[in-house]
Amino acid sequence: MKLGRRTSWFLTAFGVWSVIIWTTFLKNLWKDSGGQAFVDGDHGRPTAFFWVHLLLAVTSLLLGLAVGGIGVRSLRTLRRP
């Protein structure tokens, strides 16, 4: 299947956006001081909230990387004569 240039750029931009957003989310989740992610701020005792959101973020990050990779590969094939 051949993708168009606009679609390829959209997929690439989506991948970059996803990496930026979910990396920031993971950093903020780790720095949580409100007591939702860790019991009494102890990083050795994560809560269910932490595990669910970690799984969500990692899954979304991997999907973003896959979609971005498809976009980049498509852009490379469009450059070939």
# chains A, B, ... in the order shown; residues from 1 in each chain; ligands from 1
$ residues_around --residues "stretch 73-79 of chain A" --least-positions-apart "5" --cutoff "9 Å" --atoms "only C-alpha atoms" --output "VMD selection string"
chain A and resid 2 to 5 7 to 9 12 68
$ write_last_selection --atoms "N, CA and C atoms" --output "PDB file, in the first residue's frame"
ATOM      1  N   LYS A   2       0.565   2.193  -0.825  1.00  0.00           N
ATOM      2  CA  LYS A   2       1.338   3.418  -0.923  1.00  0.00           C
ATOM      3  C   LYS A   2       0.533   4.554  -0.305  1.00  0.00           C
ATOM      4  N   LEU A   3       1.174   5.286   0.600  1.00  0.00           N
ATOM      5  CA  LEU A   3       0.518   6.423   1.245  1.00  0.00           C
ATOM      6  C   LEU A   3       0.921   7.713   0.549  1.00  0.00           C
ATOM      7  N   GLY A   4       0.050   8.696   0.615  1.00  0.00           N
ATOM      8  CA  GLY A   4       0.358   9.993   0.040  1.00  0.00           C
ATOM      9  C   GLY A   4       1.311  10.787   0.926  1.00  0.00           C
ATOM     10  N   ARG A   5       1.824  11.867   0.384  1.00  0.00           N
ATOM     11  CA  ARG A   5       2.775  12.701   1.116  1.00  0.00           C
ATOM     12  C   ARG A   5       2.135  13.332   2.355  1.00  0.00           C
ATOM     13  N   THR A   7      -0.446  12.276   4.096  1.00  0.00           N
ATOM     14  CA  THR A   7      -0.721  11.228   5.082  1.00  0.00           C
ATOM     15  C   THR A   7       0.566  10.804   5.775  1.00  0.00           C
ATOM     16  N   SER A   8       1.630  10.682   5.016  1.00  0.00           N
ATOM     17  CA  SER A   8       2.919  10.289   5.585  1.00  0.00           C
ATOM     18  C   SER A   8       3.422  11.325   6.583  1.00  0.00           C
ATOM     19  N   TRP A   9       3.303  12.590   6.231  1.00  0.00           N
ATOM     20  CA  TRP A   9       3.719  13.640   7.155  1.00  0.00           C
ATOM     21  C   TRP A   9       2.831  13.674   8.397  1.00  0.00           C
ATOM     22  N   THR A  12       3.927  10.828  10.665  1.00  0.00           N
ATOM     23  CA  THR A  12       5.210  11.162  11.281  1.00  0.00           C
ATOM     24  C   THR A  12       5.023  12.185  12.390  1.00  0.00           C
ATOM     25  N   GLY A  68       4.519   6.555  13.897  1.00  0.00           N
ATOM     26  CA  GLY A  68       5.560   7.451  13.384  1.00  0.00           C
ATOM     27  C   GLY A  68       6.526   6.722  12.473  1.00  0.00           C
TER      28      GLY A  68
END
$ residues_around --residues "stretch 47-55 of chain A" --least-positions-apart "6" --cutoff "12 Å" --atoms "only C-alpha atoms" --output "PyMOL selection string"
chain A and resi 22-23+25-32+34-41+61-62
$ residues_around --residues "A:Trp17" --least-positions-apart "3" --cutoff "12 Å" --atoms "only C-alpha atoms" --output "PDB file with all heavy atoms, in the first residue's frame"
ATOM      1  N   PHE A  10       1.551  13.440   8.209  1.00  0.00           N
ATOM      2  CA  PHE A  10       0.641  13.400   9.363  1.00  0.00           C
ATOM      3  C   PHE A  10       1.023  12.274  10.320  1.00  0.00           C
ATOM      4  O   PHE A  10       1.076  12.476  11.540  1.00  0.00           O
ATOM      5  CB  PHE A  10      -0.811  13.220   8.899  1.00  0.00           C
ATOM      6  CG  PHE A  10      -1.765  13.061  10.038  1.00  0.00           C
ATOM      7  CD1 PHE A  10      -2.180  14.150  10.781  1.00  0.00           C
ATOM      8  CD2 PHE A  10      -2.235  11.799  10.400  1.00  0.00           C
ATOM      9  CE1 PHE A  10      -3.046  14.000  11.852  1.00  0.00           C
ATOM     10  CE2 PHE A  10      -3.097  11.630  11.462  1.00  0.00           C
ATOM     11  CZ  PHE A  10      -3.508  12.748  12.194  1.00  0.00           C
ATOM     12  N   LEU A  11       1.281  11.091   9.799  1.00  0.00           N
ATOM     13  CA  LEU A  11       1.662   9.964  10.639  1.00  0.00           C
ATOM     14  C   LEU A  11       2.986  10.227  11.354  1.00  0.00           C
ATOM     15  O   LEU A  11       3.140   9.896  12.542  1.00  0.00           O
ATOM     16  CB  LEU A  11       1.751   8.685   9.811  1.00  0.00           C
ATOM     17  CG  LEU A  11       0.429   8.162   9.233  1.00  0.00           C
ATOM     18  CD1 LEU A  11       0.693   6.945   8.355  1.00  0.00           C
ATOM     19  CD2 LEU A  11      -0.557   7.834  10.334  1.00  0.00           C
ATOM     20  N   THR A  12       3.927  10.828  10.665  1.00  0.00           N
ATOM     21  CA  THR A  12       5.210  11.162  11.281  1.00  0.00           C
ATOM     22  C   THR A  12       5.023  12.185  12.390  1.00  0.00           C
ATOM     23  O   THR A  12       5.564  12.029  13.490  1.00  0.00           O
ATOM     24  CB  THR A  12       6.183  11.697  10.215  1.00  0.00           C
ATOM     25  OG1 THR A  12       6.328  10.716   9.189  1.00  0.00           O
ATOM     26  CG2 THR A  12       7.538  12.024  10.810  1.00  0.00           C
ATOM     27  N   ALA A  13       4.237  13.229  12.120  1.00  0.00           N
ATOM     28  CA  ALA A  13       3.983  14.258  13.130  1.00  0.00           C
ATOM     29  C   ALA A  13       3.240  13.674  14.324  1.00  0.00           C
ATOM     30  O   ALA A  13       3.530  14.013  15.482  1.00  0.00           O
ATOM     31  CB  ALA A  13       3.178  15.404  12.521  1.00  0.00           C
ATOM     32  N   PHE A  14       2.298  12.780  14.065  1.00  0.00           N
ATOM     33  CA  PHE A  14       1.573  12.131  15.154  1.00  0.00           C
ATOM     34  C   PHE A  14       2.516  11.326  16.034  1.00  0.00           C
ATOM     35  O   PHE A  14       2.408  11.330  17.260  1.00  0.00           O
ATOM     36  CB  PHE A  14       0.467  11.234  14.603  1.00  0.00           C
ATOM     37  CG  PHE A  14      -0.312  10.542  15.680  1.00  0.00           C
ATOM     38  CD1 PHE A  14      -1.362  11.179  16.308  1.00  0.00           C
ATOM     39  CD2 PHE A  14       0.024   9.255  16.082  1.00  0.00           C
ATOM     40  CE1 PHE A  14      -2.072  10.547  17.317  1.00  0.00           C
ATOM     41  CE2 PHE A  14      -0.678   8.612  17.077  1.00  0.00           C
ATOM     42  CZ  PHE A  14      -1.733   9.262  17.700  1.00  0.00           C
ATOM     43  N   ILE A  20       6.484  12.946  22.557  1.00  0.00           N
ATOM     44  CA  ILE A  20       6.647  14.104  23.444  1.00  0.00           C
ATOM     45  C   ILE A  20       5.618  14.077  24.571  1.00  0.00           C
ATOM     46  O   ILE A  20       5.965  14.235  25.750  1.00  0.00           O
ATOM     47  CB  ILE A  20       6.544  15.416  22.643  1.00  0.00           C
ATOM     48  CG1 ILE A  20       7.763  15.559  21.728  1.00  0.00           C
ATOM     49  CG2 ILE A  20       6.432  16.622  23.576  1.00  0.00           C
ATOM     50  CD1 ILE A  20       7.634  16.668  20.713  1.00  0.00           C
ATOM     51  N   ILE A  21       4.360  13.875  24.231  1.00  0.00           N
ATOM     52  CA  ILE A  21       3.282  13.906  25.227  1.00  0.00           C
ATOM     53  C   ILE A  21       3.436  12.794  26.251  1.00  0.00           C
ATOM     54  O   ILE A  21       3.358  13.018  27.463  1.00  0.00           O
ATOM     55  CB  ILE A  21       1.910  13.811  24.530  1.00  0.00           C
ATOM     56  CG1 ILE A  21       1.637  15.079  23.731  1.00  0.00           C
ATOM     57  CG2 ILE A  21       0.798  13.542  25.523  1.00  0.00           C
ATOM     58  CD1 ILE A  21       1.594  16.346  24.561  1.00  0.00           C
ATOM     59  N   TRP A  22       3.655  11.566  25.806  1.00  0.00           N
ATOM     60  CA  TRP A  22       3.691  10.436  26.740  1.00  0.00           C
ATOM     61  C   TRP A  22       4.973  10.392  27.543  1.00  0.00           C
ATOM     62  O   TRP A  22       4.975   9.913  28.686  1.00  0.00           O
ATOM     63  CB  TRP A  22       3.404   9.129  26.014  1.00  0.00           C
ATOM     64  CG  TRP A  22       1.972   9.091  25.584  1.00  0.00           C
ATOM     65  CD1 TRP A  22       1.497   9.191  24.312  1.00  0.00           C
ATOM     66  CD2 TRP A  22       0.824   8.997  26.433  1.00  0.00           C
ATOM     67  NE1 TRP A  22       0.125   9.164  24.322  1.00  0.00           N
ATOM     68  CE2 TRP A  22      -0.322   9.046  25.616  1.00  0.00           C
ATOM     69  CE3 TRP A  22       0.649   8.888  27.810  1.00  0.00           C
ATOM     70  CZ2 TRP A  22      -1.611   8.977  26.110  1.00  0.00           C
ATOM     71  CZ3 TRP A  22      -0.644   8.817  28.312  1.00  0.00           C
ATOM     72  CH2 TRP A  22      -1.749   8.864  27.469  1.00  0.00           C
ATOM     73  N   THR A  23       6.071  10.901  27.005  1.00  0.00           N
ATOM     74  CA  THR A  23       7.292  11.000  27.796  1.00  0.00           C
ATOM     75  C   THR A  23       7.101  12.012  28.924  1.00  0.00           C
ATOM     76  O   THR A  23       7.488  11.760  30.072  1.00  0.00           O
ATOM     77  CB  THR A  23       8.480  11.412  26.907  1.00  0.00           C
ATOM     78  OG1 THR A  23       8.618  10.469  25.850  1.00  0.00           O
ATOM     79  CG2 THR A  23       9.771  11.482  27.697  1.00  0.00           C
ATOM     80  N   THR A  24       6.474  13.131  28.614  1.00  0.00           N
ATOM     81  CA  THR A  24       6.165  14.131  29.638  1.00  0.00           C
ATOM     82  C   THR A  24       5.229  13.552  30.685  1.00  0.00           C
ATOM     83  O   THR A  24       5.410  13.774  31.896  1.00  0.00           O
ATOM     84  CB  THR A  24       5.533  15.379  28.986  1.00  0.00           C
ATOM     85  OG1 THR A  24       6.431  15.890  28.009  1.00  0.00           O
ATOM     86  CG2 THR A  24       5.230  16.446  30.020  1.00  0.00           C
ATOM     87  N   SER A  60       0.641   3.552  24.740  1.00  0.00           N
ATOM     88  CA  SER A  60       0.445   4.682  23.834  1.00  0.00           C
ATOM     89  C   SER A  60       1.761   5.137  23.224  1.00  0.00           C
ATOM     90  O   SER A  60       1.809   5.519  22.043  1.00  0.00           O
ATOM     91  CB  SER A  60      -0.214   5.837  24.583  1.00  0.00           C
ATOM     92  OG  SER A  60      -1.488   5.470  25.021  1.00  0.00           O
ATOM     93  N   LEU A  61       2.824   5.091  23.999  1.00  0.00           N
ATOM     94  CA  LEU A  61       4.134   5.469  23.487  1.00  0.00           C
ATOM     95  C   LEU A  61       4.590   4.498  22.394  1.00  0.00           C
ATOM     96  O   LEU A  61       5.060   4.919  21.337  1.00  0.00           O
ATOM     97  CB  LEU A  61       5.146   5.485  24.630  1.00  0.00           C
ATOM     98  CG  LEU A  61       6.550   5.968  24.329  1.00  0.00           C
ATOM     99  CD1 LEU A  61       6.538   7.406  23.853  1.00  0.00           C
ATOM    100  CD2 LEU A  61       7.414   5.842  25.560  1.00  0.00           C
ATOM    101  N   LEU A  63       2.651   2.581  20.513  1.00  0.00           N
ATOM    102  CA  LEU A  63       1.794   2.775  19.329  1.00  0.00           C
ATOM    103  C   LEU A  63       2.185   4.040  18.570  1.00  0.00           C
ATOM    104  O   LEU A  63       2.185   4.054  17.336  1.00  0.00           O
ATOM    105  CB  LEU A  63       0.321   2.823  19.736  1.00  0.00           C
ATOM    106  CG  LEU A  63      -0.280   1.496  20.174  1.00  0.00           C
ATOM    107  CD1 LEU A  63      -1.681   1.714  20.736  1.00  0.00           C
ATOM    108  CD2 LEU A  63      -0.315   0.516  19.022  1.00  0.00           C
ATOM    109  N   GLY A  64       2.513   5.099  19.294  1.00  0.00           N
ATOM    110  CA  GLY A  64       2.979   6.332  18.652  1.00  0.00           C
ATOM    111  C   GLY A  64       4.259   6.112  17.873  1.00  0.00           C
ATOM    112  O   GLY A  64       4.428   6.633  16.766  1.00  0.00           O
ATOM    113  N   LEU A  65       5.179   5.348  18.456  1.00  0.00           N
ATOM    114  CA  LEU A  65       6.425   5.029  17.748  1.00  0.00           C
ATOM    115  C   LEU A  65       6.149   4.208  16.489  1.00  0.00           C
ATOM    116  O   LEU A  65       6.776   4.433  15.441  1.00  0.00           O
ATOM    117  CB  LEU A  65       7.373   4.271  18.666  1.00  0.00           C
ATOM    118  CG  LEU A  65       8.057   5.094  19.751  1.00  0.00           C
ATOM    119  CD1 LEU A  65       8.771   4.177  20.733  1.00  0.00           C
ATOM    120  CD2 LEU A  65       9.022   6.082  19.138  1.00  0.00           C
ATOM    121  N   VAL A  67       3.326   4.141  14.667  1.00  0.00           N
ATOM    122  CA  VAL A  67       2.662   4.998  13.678  1.00  0.00           C
ATOM    123  C   VAL A  67       3.668   5.967  13.063  1.00  0.00           C
ATOM    124  O   VAL A  67       3.693   6.171  11.844  1.00  0.00           O
ATOM    125  CB  VAL A  67       1.483   5.760  14.323  1.00  0.00           C
ATOM    126  CG1 VAL A  67       0.967   6.852  13.415  1.00  0.00           C
ATOM    127  CG2 VAL A  67       0.368   4.792  14.663  1.00  0.00           C
ATOM    128  N   GLY A  68       4.519   6.555  13.897  1.00  0.00           N
ATOM    129  CA  GLY A  68       5.560   7.451  13.384  1.00  0.00           C
ATOM    130  C   GLY A  68       6.526   6.722  12.473  1.00  0.00           C
ATOM    131  O   GLY A  68       6.968   7.266  11.458  1.00  0.00           O
TER     132      GLY A  68
END
$ select_by_dssp --residues "chain A" --states "alpha helix (DSSP H)" --output "NGL selection string"
:A and (5-30 or 48-79)
$ atom_distance --atom1 "atom CA of A:Val16" --atom2 "atom CA of A:Thr59"
15.0 Å
